[in-house]
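**Q** What follows is coords-v7.json, made up of JSON, C-alpha atoms and all ligand atoms:
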[["chain", "number", "residue", "atom", "x", "y", "z"],
["P", 566, "MET", "CA", 67.58, -5.47, 109.13],
["P", 567, "ARG", "CA", 64.81, -5.90, 106.51],
["P", 568, "SER", "CA", 61.33, -4.91, 107.66],
["P", 569, "ASP", "CA", 60.20, -8.57, 107.56],
["P", 570, "LYS", "CA", 63.38, -9.63, 109.43],
["P", 571, "ARG", "CA", 64.71, -11.75, 106.57],
["P", 572, "ALA", "CA", 68.42, -12.23, 105.92],
["P", 573, "ASP", "CA", 69.67, -10.41, 102.82],
["P", 574, "ASP", "CA", 69.97, -13.65, 100.83],
["P", 575, "GLU", "CA", 66.67, -15.14, 102.02],
["P", 576, "PHE", "CA", 63.52, -15.35, 99.95],
["P", 577, "ARG", "CA", 60.08, -15.00, 101.49],
["P", 578, "PRO", "CA", 58.16, -18.01, 102.86],
["P", 579, "VAL", "CA", 56.97, -20.22, 100.04],
["P", 580, "LYS", "CA", 53.74, -22.19, 99.81],
["P", 581, "ILE", "CA", 53.04, -24.51, 96.90],
["P", 582, "GLU", "CA", 49.86, -26.43, 96.13],
["P", 583, "LEU", "CA", 49.50, -28.55, 93.03],
["P", 584, "ASN", "CA", 46.45, -29.34, 90.89],
["P", 585, "VAL", "CA", 44.25, -26.69, 92.48],
["P", 586, "VAL", "CA", 42.25, -26.12, 89.25],
["P", 587, "LYS", "CA", 40.16, -29.21, 88.61],
["P", 588, "SER", "CA", 39.29, -28.34, 85.00],
["P", 589, "ALA", "CA", 42.94, -27.89, 83.93],
["P", 590, "LEU", "CA", 45.33, -30.67, 83.03],
["P", 591, "GLY", "CA", 47.92, -29.30, 85.45],
["P", 592, "SER", "CA", 47.87, -26.35, 87.80],
["P", 593, "CYS", "CA", 49.70, -24.78, 90.70],
["P", 594, "TYR", "CA", 49.11, -22.20, 93.44],
["P", 595, "PHE", "CA", 52.43, -20.56, 94.32],
["P", 596, "GLU", "CA", 52.84, -18.07, 97.14],
["P", 597, "MET", "CA", 56.00, -16.19, 98.07],
["P", 598, "GLY", "CA", 55.37, -13.85, 100.95],
["P", 599, "LYS", "CA", 52.44, -11.64, 99.96],
["P", 600, "THR", "CA", 52.77, -12.40, 96.25],
["P", 601, "ALA", "CA", 50.46, -15.21, 95.10],
["P", 602, "VAL", "CA", 49.55, -16.68, 91.72],
["P", 603, "ILE", "CA", 47.59, -19.54, 90.19],
["P", 604, "ALA", "CA", 48.89, -21.07, 86.94],
["P", 605, "ALA", "CA", 46.93, -23.58, 84.86],
["P", 606, "THR", "CA", 48.00, -25.57, 81.80],
["P", 607, "TYR", "CA", 45.90, -26.70, 78.84],
["P", 608, "GLY", "CA", 46.95, -28.91, 75.92],
["P", 609, "PRO", "CA", 48.76, -30.08, 73.94],
["P", 610, "GLN", "CA", 45.84, -29.26, 71.64],
["P", 611, "ASP", "CA", 45.19, -28.13, 68.04],
["P", 612, "VAL", "CA", 46.63, -24.71, 67.25],
["P", 613, "LYS", "CA", 44.10, -21.94, 66.78],
["P", 614, "PRO", "CA", 44.54, -19.71, 64.86],
["P", 615, "LYS", "CA", 45.95, -22.27, 62.42],
["P", 616, "HIS", "CA", 48.63, -19.95, 60.95],
["P", 617, "LEU", "CA", 50.54, -20.13, 64.27],
["P", 618, "GLU", "CA", 50.98, -23.90, 63.83],
["P", 619, "LYS", "CA", 54.53, -25.27, 63.35],
["P", 620, "SER", "CA", 54.94, -28.55, 61.48],
["P", 621, "ASP", "CA", 58.07, -29.71, 63.36],
["P", 622, "ARG", "CA", 57.42, -28.46, 66.90],
["P", 623, "GLY", "CA", 54.84, -27.23, 69.36],
["P", 624, "VAL", "CA", 53.89, -23.68, 70.27],
["P", 625, "LEU", "CA", 53.84, -22.39, 73.84],
["P", 626, "ALA", "CA", 51.33, -19.63, 74.65],
["P", 627, "CYS", "CA", 51.55, -17.83, 78.00],
["P", 628, "ASN", "CA", 49.06, -15.36, 79.43],
["P", 629, "TYR", "CA", 49.92, -13.35, 82.55],
["P", 630, "ASN", "CA", 47.19, -11.27, 84.14],
["P", 631, "MET", "CA", 46.84, -9.32, 87.38],
["P", 632, "LEU", "CA", 43.45, -9.47, 89.01],
["P", 633, "PRO", "CA", 41.91, -6.08, 89.90],
["P", 634, "PHE", "CA", 42.10, -6.81, 93.66],
["P", 635, "SER", "CA", 45.72, -8.07, 93.55],
["P", 636, "VAL", "CA", 47.41, -4.73, 94.20],
["P", 637, "ALA", "CA", 47.62, -2.63, 97.35],
["P", 638, "GLY", "CA", 45.61, 0.58, 97.38],
["P", 639, "ASP", "CA", 43.54, 1.32, 94.31],
["P", 640, "ARG", "CA", 42.18, -1.55, 92.21],
["P", 641, "LYS", "CA", 44.10, -2.43, 89.05],
["P", 642, "ARG", "CA", 42.18, -1.67, 85.85],
["P", 643, "PRO", "CA", 40.88, -5.08, 84.69],
["P", 644, "GLY", "CA", 42.27, -6.66, 81.54],
["P", 645, "TYR", "CA", 45.53, -6.77, 79.64],
["P", 646, "ASP", "CA", 47.93, -3.87, 79.24],
["P", 647, "ARG", "CA", 51.45, -3.29, 77.87],
["P", 648, "ARG", "CA", 53.01, -4.65, 81.05],
["P", 649, "SER", "CA", 51.03, -7.92, 80.96],
["P", 650, "VAL", "CA", 51.91, -8.40, 77.27],
["P", 651, "GLU", "CA", 55.62, -7.91, 78.10],
["P", 652, "ILE", "CA", 55.48, -10.27, 81.09],
["P", 653, "SER", "CA", 53.57, -12.93, 79.10],
["P", 654, "LYS", "CA", 56.38, -12.79, 76.51],
["P", 655, "VAL", "CA", 59.28, -13.05, 78.99],
["P", 656, "VAL", "CA", 57.53, -15.85, 80.91],
["P", 657, "ARG", "CA", 57.12, -17.79, 77.63],
["P", 658, "GLU", "CA", 60.79, -17.26, 76.78],
["P", 659, "SER", "CA", 61.80, -18.40, 80.30],
["P", 660, "LEU", "CA", 59.81, -21.63, 80.10],
["P", 661, "GLU", "CA", 60.22, -22.65, 76.45],
["P", 662, "PRO", "CA", 63.83, -23.93, 76.75],
["P", 663, "ALA", "CA", 62.66, -26.37, 79.45],
["P", 664, "ILE", "CA", 60.08, -28.06, 77.21],
["P", 665, "PHE", "CA", 60.79, -30.69, 74.55],
["P", 666, "MET", "CA", 58.76, -28.68, 72.00],
["P", 667, "GLU", "CA", 59.80, -31.06, 69.20],
["P", 668, "GLU", "CA", 57.59, -33.73, 70.82],
["P", 669, "TYR", "CA", 54.49, -31.62, 70.13],
["P", 670, "PRO", "CA", 54.40, -30.81, 66.38],
["P", 671, "LYS", "CA", 51.25, -28.95, 65.22],
["P", 672, "CYS", "CA", 50.12, -28.52, 68.84],
["P", 673, "ILE", "CA", 49.80, -25.65, 71.27],
["P", 674, "ILE", "CA", 50.40, -25.77, 75.02],
["P", 675, "ARG", "CA", 48.71, -22.96, 76.93],
["P", 676, "VAL", "CA", 49.63, -21.60, 80.35],
["P", 677, "ASP", "CA", 47.40, -19.04, 82.05],
["P", 678, "MET", "CA", 48.69, -17.19, 85.11],
["P", 679, "GLN", "CA", 46.46, -15.08, 87.32],
["P", 680, "ILE", "CA", 48.09, -12.89, 89.95],
["P", 681, "LEU", "CA", 45.92, -13.02, 93.06],
["P", 682, "GLN", "CA", 48.13, -10.85, 95.29],
["P", 683, "ALA", "CA", 51.03, -8.64, 94.23],
["P", 684, "ASP", "CA", 53.84, -7.50, 96.49],
["P", 685, "ALA", "CA", 56.64, -7.40, 93.88],
["P", 686, "GLY", "CA", 58.14, -10.38, 92.08],
["P", 687, "THR", "CA", 54.94, -11.40, 90.32],
["P", 688, "ARG", "CA", 56.72, -12.46, 87.11],
["P", 689, "VAL", "CA", 59.14, -14.77, 88.93],
["P", 690, "VAL", "CA", 56.39, -16.27, 91.07],
["P", 691, "ALA", "CA", 54.31, -16.77, 87.88],
["P", 692, "ILE", "CA", 57.26, -18.63, 86.28],
["P", 693, "ASN", "CA", 57.63, -20.92, 89.31],
["P", 694, "ALA", "CA", 53.91, -21.70, 89.26],
["P", 695, "ALA", "CA", 53.79, -22.20, 85.49],
["P", 696, "SER", "CA", 56.76, -24.54, 85.52],
["P", 697, "LEU", "CA", 55.05, -26.76, 88.11],
["P", 698, "ALA", "CA", 51.69, -26.58, 86.30],
["P", 699, "LEU", "CA", 53.40, -27.83, 83.11],
["P", 700, "ALA", "CA", 55.07, -30.65, 85.04],
["P", 701, "CYS", "CA", 51.73, -31.60, 86.65],
["P", 702, "ALA", "CA", 50.15, -31.74, 83.19],
["P", 703, "GLY", "CA", 52.76, -34.31, 82.17],
["P", 704, "ILE", "CA", 54.37, -32.04, 79.57],
["P", 705, "SER", "CA", 57.71, -33.48, 78.51],
["P", 706, "MET", "CA", 60.40, -31.29, 80.10],
["P", 707, "ARG", "CA", 64.17, -31.19, 80.53],
["P", 708, "GLY", "CA", 63.57, -30.06, 84.12],
["P", 709, "LEU", "CA", 61.89, -27.35, 86.15],
["P", 710, "VAL", "CA", 62.37, -23.62, 85.80],
["P", 711, "SER", "CA", 62.99, -21.68, 89.02],
["P", 712, "ALA", "CA", 62.85, -17.93, 89.28],
["P", 713, "VAL", "CA", 63.47, -15.26, 91.87],
["P", 714, "SER", "CA", 64.53, -11.65, 91.76],
["P", 715, "ALA", "CA", 67.47, -10.07, 93.48],
["P", 716, "GLY", "CA", 68.67, -6.52, 93.51],
["P", 717, "ARG", "CA", 69.68, -3.60, 95.65],
["P", 718, "ALA", "CA", 67.76, -1.49, 98.13],
["P", 719, "ASN", "CA", 69.00, 0.88, 100.83],
["P", 720, "GLY", "CA", 72.62, 0.18, 99.81],
["P", 721, "LYS", "CA", 72.39, -3.61, 100.23],
["P", 722, "ILE", "CA", 72.28, -6.53, 97.81],
["P", 723, "LEU", "CA", 69.04, -8.37, 98.58],
["P", 724, "VAL", "CA", 67.20, -11.45, 97.38],
["P", 725, "ASP", "CA", 63.46, -11.32, 96.64],
["P", 726, "LEU", "CA", 62.66, -7.63, 97.09],
["P", 727, "THR", "CA", 59.25, -6.64, 98.42],
["P", 728, "LYS", "CA", 57.31, -3.73, 96.92],
["P", 729, "GLU", "CA", 58.51, -1.56, 99.82],
["P", 730, "GLU", "CA", 62.15, -2.43, 98.99],
["P", 731, "GLU", "CA", 61.57, -1.96, 95.26],
["P", 732, "ASP", "CA", 60.36, 1.56, 96.01],
["P", 733, "ALA", "CA", 63.66, 2.54, 97.76],
["P", 734, "PRO", "CA", 65.35, 5.48, 95.98],
["P", 735, "ASP", "CA", 68.45, 3.41, 95.05],
["P", 736, "ALA", "CA", 66.50, 0.24, 94.11],
["P", 737, "ILE", "CA", 67.56, -2.14, 91.36],
["P", 738, "ASP", "CA", 65.39, -5.15, 90.57],
["P", 739, "VAL", "CA", 66.80, -8.09, 88.60],
["P", 740, "PRO", "CA", 64.40, -10.97, 87.94],
["P", 741, "VAL", "CA", 66.27, -14.19, 87.09],
["P", 742, "ALA", "CA", 65.07, -17.64, 86.00],
["P", 743, "ILE", "CA", 67.19, -20.75, 85.56],
["P", 744, "LEU", "CA", 66.79, -24.26, 84.19],
["P", 745, "THR", "CA", 67.38, -26.20, 87.39],
["P", 746, "LYS", "CA", 68.98, -29.16, 85.55],
["P", 747, "THR", "CA", 71.77, -27.14, 83.93],
["P", 748, "GLY", "CA", 71.78, -23.78, 85.69],
["P", 749, "GLU", "CA", 71.26, -22.02, 82.33],
["P", 750, "ILE", "CA", 69.67, -18.60, 82.72],
["P", 751, "THR", "CA", 66.40, -18.21, 80.78],
["P", 752, "LEU", "CA", 65.32, -14.83, 82.18],
["P", 753, "LEU", "CA", 67.46, -11.86, 83.06],
["P", 754, "GLN", "CA", 65.90, -8.43, 83.25],
["P", 755, "MET", "CA", 67.01, -5.31, 85.02],
["P", 756, "ASP", "CA", 65.17, -2.32, 86.38],
["P", 757, "GLY", "CA", 67.61, 0.35, 87.60],
["P", 758, "ILE", "CA", 71.30, 1.05, 87.07],
["P", 759, "ALA", "CA", 74.04, -1.17, 88.54],
["P", 760, "SER", "CA", 77.80, -1.45, 88.10],
["P", 761, "VAL", "CA", 79.18, -4.60, 86.46],
["P", 762, "ASP", "CA", 80.48, -5.79, 89.85],
["P", 763, "GLU", "CA", 77.14, -5.19, 91.53],
["P", 764, "MET", "CA", 75.31, -6.93, 88.70],
["P", 765, "LYS", "CA", 77.57, -10.00, 89.03],
["P", 766, "LYS", "CA", 76.82, -10.20, 92.77],
["P", 767, "ILE", "CA", 73.09, -9.77, 92.20],
["P", 768, "VAL", "CA", 72.93, -12.49, 89.53],
["P", 769, "LYS", "CA", 74.99, -14.84, 91.71],
["P", 770, "GLN", "CA", 72.65, -14.30, 94.70],
["P", 771, "ALA", "CA", 69.60, -14.81, 92.49],
["P", 772, "THR", "CA", 70.90, -18.05, 90.95],
["P", 773, "VAL", "CA", 71.80, -19.50, 94.37],
["P", 774, "ALA", "CA", 68.27, -18.66, 95.57],
["P", 775, "CYS", "CA", 66.80, -20.21, 92.38],
["P", 776, "GLU", "CA", 68.67, -23.45, 93.11],
["P", 777, "LYS", "CA", 67.16, -23.58, 96.62],
["P", 778, "LEU", "CA", 63.70, -22.87, 95.21],
["P", 779, "GLY", "CA", 64.21, -25.58, 92.60],
["P", 780, "LEU", "CA", 64.68, -28.15, 95.36],
["P", 781, "MET", "CA", 61.42, -27.03, 96.97],
["P", 782, "GLN", "CA", 59.59, -27.24, 93.65],
["P", 783, "ALA", "CA", 60.94, -30.76, 93.06],
["P", 784, "GLU", "CA", 59.88, -31.77, 96.56],
["P", 785, "ALA", "CA", 56.41, -30.34, 95.98],
["P", 786, "LEU", "CA", 56.10, -32.46, 92.83],
["P", 787, "LYS", "CA", 56.99, -35.56, 94.82],
["P", 788, "ASN", "CA", 54.63, -34.80, 97.72],
["P", 789, "GLY", "CA", 51.86, -32.84, 95.98],
["P", 790, "ILE", "CA", 52.05, -30.03, 98.54],
["P", 791, "HIS", "CA", 54.79, -28.05, 100.20],
["P", 792, "SER", "CA", 55.05, -25.08, 102.48],
["P", 793, "ILE", "CA", 57.63, -23.54, 104.81],
["C", 1, "LIG", "O1", 55.74, -7.92, 89.83],
["C", 1, "LIG", "P1", 57.07, -7.74, 89.17],
["C", 1, "LIG", "O2", 58.15, -7.34, 90.17],
["C", 1, "LIG", "O3", 57.46, -8.93, 88.34],
["C", 1, "LIG", "O4", 56.91, -6.57, 88.10],
["C", 1, "LIG", "P2", 57.01, -4.98, 88.26],
["C", 1, "LIG", "O5", 56.44, -4.42, 86.98],
["C", 1, "LIG", "O6", 58.39, -4.61, 88.65],
["C", 1, "LIG", "O7", 55.99, -4.64, 89.44],
["C", 1, "LIG", "C1", 56.40, -4.55, 90.76],
["C", 1, "LIG", "C2", 55.21, -4.49, 91.65],
["C", 1, "LIG", "O8", 54.50, -3.27, 91.44],
["C", 1, "LIG", "C3", 54.16, -5.57, 91.45],
["C", 1, "LIG", "O9", 54.51, -6.81, 91.97],
["C", 1, "LIG", "C4", 53.01, -4.93, 92.22],
["C", 1, "LIG", "O10", 53.21, -5.10, 93.62],
["C", 1, "LIG", "C5", 53.16, -3.46, 91.84],
["C", 1, "LIG", "N1", 52.24, -3.10, 90.73],
["C", 1, "LIG", "C6", 51.07, -2.47, 91.06],
["C", 1, "LIG", "O11", 50.81, -2.23, 92.25],
["C", 1, "LIG", "N2", 50.17, -2.14, 90.07],
["C", 1, "LIG", "C7", 50.44, -2.41, 88.77],
["C", 1, "LIG", "N3", 49.56, -2.08, 87.82],
["C", 1, "LIG", "C8", 51.64, -3.05, 88.43],
["C", 1, "LIG", "C9", 52.53, -3.38, 89.44]]
Go through the file and emit its structure as structure tokens.
Ligand code: CDP

**A**
Amino acid sequence: MRSDKRADDEFRPVKIELNVVKSALGSCYFEMGKTAVIAATYGPQDVKPKHLEKSDRGVLACNYNMLPFSVAGDRKRPGYDRRSVEISKVVRESLEPAIFMEEYPKCIIRVDMQILQADAGTRVVAINAASLALACAGISMRGLVSAVSAGRANGKILVDLTKEEEDAPDAIDVPVAILTKTGEITLLQMDGIASVDEMKKIVKQATVACEKLGLMQAEALKNGIHSI
């Protein structure tokens, strides 16, 4: 039994609120258990600095940041670090295939993600929030991107590991994102060592969970708010 009594293939309770940032074109608050993020979208707008501009397509810029009070225990040192640069890059790569970038030549679309509370899975929760923020901003998209991590802890294959589970001695964490329309995987990372068989099971569990999350995201877009 997991400490929060979830089934092995169950993700944490989700809460979604759309357009929470009045000054942004589109925004989303996304909570999954004790991990919570706000994403806000700006643009399409002129590219600055100009040398990043592409004549035939748009540019997507993603910024992931953890707030100092988001982590348990000691405060996180404010500002960007190697980890936030890496996560900003993988989030951009996860979202970009969902956007019709060719419809935005010479423009930039910006997504800022602030982690309010971190209890593992911040990058996948940031992707879910960003995807909805882009949709709320009316950005032309093939469909939503849904993300969740799966992995192993205490000898079991689990969906949506908490920080406590991630800290197990045998832990493996595999964040996965999919394009909900096609099921194509746009993020696949791995922290830990798994056999090929184990990895197949983990990815399968994660994609099934992503599909469920995708339905909740779509419902939130229809209703403006969603929580379970
Ligand atoms: O958050 P995510 O699982 O995407 O990335 P991670 O690098 O595997 O971090 C796992 C967890 O470690 C975060 O969600 C936080 O709970 C915690 N963490 C932290 O407490 N302080 C940091 N500076 C970075 C991460």

**Q** Go through P:Thr600, P:Asn719, P:Thr772, P:Asn630 and flag the residue nearest Arg577 (chain P), using only C-alpha atoms for the distances.

**A**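 With only C-alpha atoms as the atom set, the closest residue is P:Thr600.
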
**Q** List the spatial neighbours of Ser592 (chain P) as a tab-separated table (two decimals) with C-alpha atoms, keeping the file's coordinate frame - criterion: any atom at most 10 Å away, only C-alpha atoms, same-chain residues fewer than 4 positions off excluded.

**A**
chain	number	residue	atom	x	y	z
P	582	GLU	CA	49.86	-26.43	96.13
P	583	LEU	CA	49.50	-28.55	93.03
P	584	ASN	CA	46.45	-29.34	90.89
P	585	VAL	CA	44.25	-26.69	92.48
P	586	VAL	CA	42.25	-26.12	89.25
P	587	LYS	CA	40.16	-29.21	88.61
P	588	SER	CA	39.29	-28.34	85.00
P	603	ILE	CA	47.59	-19.54	90.19
P	604	ALA	CA	48.89	-21.07	86.94
P	605	ALA	CA	46.93	-23.58	84.86
P	606	THR	CA	48.00	-25.57	81.80
P	607	TYR	CA	45.90	-26.70	78.84
P	676	VAL	CA	49.63	-21.60	80.35
P	677	ASP	CA	47.40	-19.04	82.05
P	678	MET	CA	48.69	-17.19	85.11
P	694	ALA	CA	53.91	-21.70	89.26
P	695	ALA	CA	53.79	-22.20	85.49
P	696	SER	CA	56.76	-24.54	85.52
P	697	LEU	CA	55.05	-26.76	88.11
P	698	ALA	CA	51.69	-26.58	86.30
P	699	LEU	CA	53.40	-27.83	83.11
P	700	ALA	CA	55.07	-30.65	85.04
P	701	CYS	CA	51.73	-31.60	86.65
P	702	ALA	CA	50.15	-31.74	83.19

**Q** For ligand LIG 1 (chain C), collect every residue having any atom at a distance of at most 9 Å from a ligand atom (counting all atoms listed in the file); output as a PyMOL selection string.

**A** chain P and resi 600+631+633+635-642+646+648-649+652+682-691+714+726-729+731-732+738-740+756

**Q** Generate a file of the selected residues that holds C-alpha atoms, formatted as a PDB file, keeping the file's coordinate frame.

**A**
ATOM      1  CA  THR P 600      52.770 -12.400  96.250  1.00  0.00           C
ATOM      2  CA  MET P 631      46.840  -9.320  87.380  1.00  0.00           C
ATOM      3  CA  PRO P 633      41.910  -6.080  89.900  1.00  0.00           C
ATOM      4  CA  SER P 635      45.720  -8.070  93.550  1.00  0.00           C
ATOM      5  CA  VAL P 636      47.410  -4.730  94.200  1.00  0.00           C
ATOM      6  CA  ALA P 637      47.620  -2.630  97.350  1.00  0.00           C
ATOM      7  CA  GLY P 638      45.610   0.580  97.380  1.00  0.00           C
ATOM      8  CA  ASP P 639      43.540   1.320  94.310  1.00  0.00           C
ATOM      9  CA  ARG P 640      42.180  -1.550  92.210  1.00  0.00           C
ATOM     10  CA  LYS P 641      44.100  -2.430  89.050  1.00  0.00           C
ATOM     11  CA  ARG P 642      42.180  -1.670  85.850  1.00  0.00           C
ATOM     12  CA  ASP P 646      47.930  -3.870  79.240  1.00  0.00           C
ATOM     13  CA  ARG P 648      53.010  -4.650  81.050  1.00  0.00           C
ATOM     14  CA  SER P 649      51.030  -7.920  80.960  1.00  0.00           C
ATOM     15  CA  ILE P 652      55.480 -10.270  81.090  1.00  0.00           C
ATOM     16  CA  GLN P 682      48.130 -10.850  95.290  1.00  0.00           C
ATOM     17  CA  ALA P 683      51.030  -8.640  94.230  1.00  0.00           C
ATOM     18  CA  ASP P 684      53.840  -7.500  96.490  1.00  0.00           C
ATOM     19  CA  ALA P 685      56.640  -7.400  93.880  1.00  0.00           C
ATOM     20  CA  GLY P 686      58.140 -10.380  92.080  1.00  0.00           C
ATOM     21  CA  THR P 687      54.940 -11.400  90.320  1.00  0.00           C
ATOM     22  CA  ARG P 688      56.720 -12.460  87.110  1.00  0.00           C
ATOM     23  CA  VAL P 689      59.140 -14.770  88.930  1.00  0.00           C
ATOM     24  CA  VAL P 690      56.390 -16.270  91.070  1.00  0.00           C
ATOM     25  CA  ALA P 691      54.310 -16.770  87.880  1.00  0.00           C
ATOM     26  CA  SER P 714      64.530 -11.650  91.760  1.00  0.00           C
ATOM     27  CA  LEU P 726      62.660  -7.630  97.090  1.00  0.00           C
ATOM     28  CA  THR P 727      59.250  -6.640  98.420  1.00  0.00           C
ATOM     29  CA  LYS P 728      57.310  -3.730  96.920  1.00  0.00           C
ATOM     30  CA  GLU P 729      58.510  -1.560  99.820  1.00  0.00           C
ATOM     31  CA  GLU P 731      61.570  -1.960  95.260  1.00  0.00           C
ATOM     32  CA  ASP P 732      60.360   1.560  96.010  1.00  0.00           C
ATOM     33  CA  ASP P 738      65.390  -5.150  90.570  1.00  0.00           C
ATOM     34  CA  VAL P 739      66.800  -8.090  88.600  1.00  0.00           C
ATOM     35  CA  PRO P 740      64.400 -10.970  87.940  1.00  0.00           C
ATOM     36  CA  ASP P 756      65.170  -2.320  86.380  1.00  0.00           C
TER      37      ASP P 756
END

**Q** I'd like the contact shell of Arg707 (chain P) - 9 Å cut-off, only C-alpha atoms, skipping same-chain residues fewer than 2 positions apart - returned as JSON, numbers by chain.

**A** {"P": [662, 663, 664, 665, 705, 709, 744, 746]}

**Q** Quick one: distance from CA of Leu625 (chain P) to CA of Ile692 (chain P) in Å, one decimal?

**A**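 Here the two named atoms are 13.4 Å from each other.
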
**Q** Given the point (49.5, -27.3, 64.2) in the coordinates of this file, which residues lie within 10 Å, counting all atoms listed in the file, and how would they look as a list in words?

**A**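 Protein, DNA and RNA residues close to (49.5, -27.3, 64.2): Gln610, Asp611, Val612, Lys613, Pro614, Lys615, His616, Leu617, Glu618, Lys619, Ser620, Asp621, Arg622, Gly623, Val624, Tyr669, Pro670, Lys671, Cys672 and Ile673 of chain P.
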
**Q** Using all atoms listed in the file, which residues sit within 6 Å of Ala715 (chain P) once same-chain residues fewer than 5 positions away are excluded, as an MDAnalysis selection string?

**A** chainID P and resid 723:725 739 767 771

**Q** From the block I gave, I'd like region 655-669 of chain P written with N, CA, C and O atoms, as a tab-separated table (two decimals), in the first residue's frame.

**A**
chain	number	residue	atom	x	y	z
P	655	VAL	N	13.58	20.69	-21.89
P	655	VAL	CA	12.77	19.49	-22.17
P	655	VAL	C	11.28	19.82	-22.24
P	655	VAL	O	10.54	19.20	-23.01
P	656	VAL	N	10.85	20.83	-21.48
P	656	VAL	CA	9.44	21.25	-21.55
P	656	VAL	C	9.17	21.83	-22.95
P	656	VAL	O	8.16	21.52	-23.58
P	657	ARG	N	10.11	22.67	-23.43
P	657	ARG	CA	9.93	23.25	-24.78
P	657	ARG	C	9.84	22.12	-25.82
P	657	ARG	O	8.96	22.12	-26.68
P	658	GLU	N	10.75	21.16	-25.72
P	658	GLU	CA	10.75	20.07	-26.70
P	658	GLU	C	9.49	19.20	-26.60
P	658	GLU	O	9.07	18.60	-27.58
P	659	SER	N	8.90	19.13	-25.41
P	659	SER	CA	7.66	18.34	-25.23
P	659	SER	C	6.46	19.04	-25.87
P	659	SER	O	5.56	18.38	-26.37
P	660	LEU	N	6.47	20.38	-25.81
P	660	LEU	CA	5.30	21.14	-26.26
P	660	LEU	C	5.34	21.50	-27.74
P	660	LEU	O	4.30	21.58	-28.40
P	661	GLU	N	6.56	21.73	-28.24
P	661	GLU	CA	6.72	22.26	-29.61
P	661	GLU	C	6.01	21.41	-30.68
P	661	GLU	O	5.33	21.98	-31.54
P	662	PRO	N	6.07	20.06	-30.62
P	662	PRO	CA	5.41	19.28	-31.66
P	662	PRO	C	3.88	19.45	-31.67
P	662	PRO	O	3.23	19.11	-32.65
P	663	ALA	N	3.32	19.99	-30.59
P	663	ALA	CA	1.86	20.16	-30.52
P	663	ALA	C	1.41	21.46	-31.17
P	663	ALA	O	0.22	21.65	-31.42
P	664	ILE	N	2.37	22.37	-31.44
P	664	ILE	CA	1.99	23.71	-31.93
P	664	ILE	C	2.25	23.81	-33.43
P	664	ILE	O	3.28	23.34	-33.91
P	665	PHE	N	1.31	24.43	-34.15
P	665	PHE	CA	1.52	24.69	-35.58
P	665	PHE	C	2.46	25.90	-35.69
P	665	PHE	O	2.02	27.02	-35.95
P	666	MET	N	3.77	25.67	-35.50
P	666	MET	CA	4.74	26.76	-35.44
P	666	MET	C	4.82	27.51	-36.77
P	666	MET	O	5.14	28.70	-36.81
P	667	GLU	N	4.47	26.80	-37.87
P	667	GLU	CA	4.55	27.44	-39.19
P	667	GLU	C	3.50	28.55	-39.35
P	667	GLU	O	3.60	29.37	-40.26
P	668	GLU	N	2.54	28.59	-38.45
P	668	GLU	CA	1.52	29.67	-38.52
P	668	GLU	C	2.01	30.95	-37.85
P	668	GLU	O	1.30	31.96	-37.85
P	669	TYR	N	3.21	30.90	-37.25
P	669	TYR	CA	3.70	32.07	-36.52
P	669	TYR	C	5.10	32.52	-36.97
P	669	TYR	O	6.00	32.67	-36.15
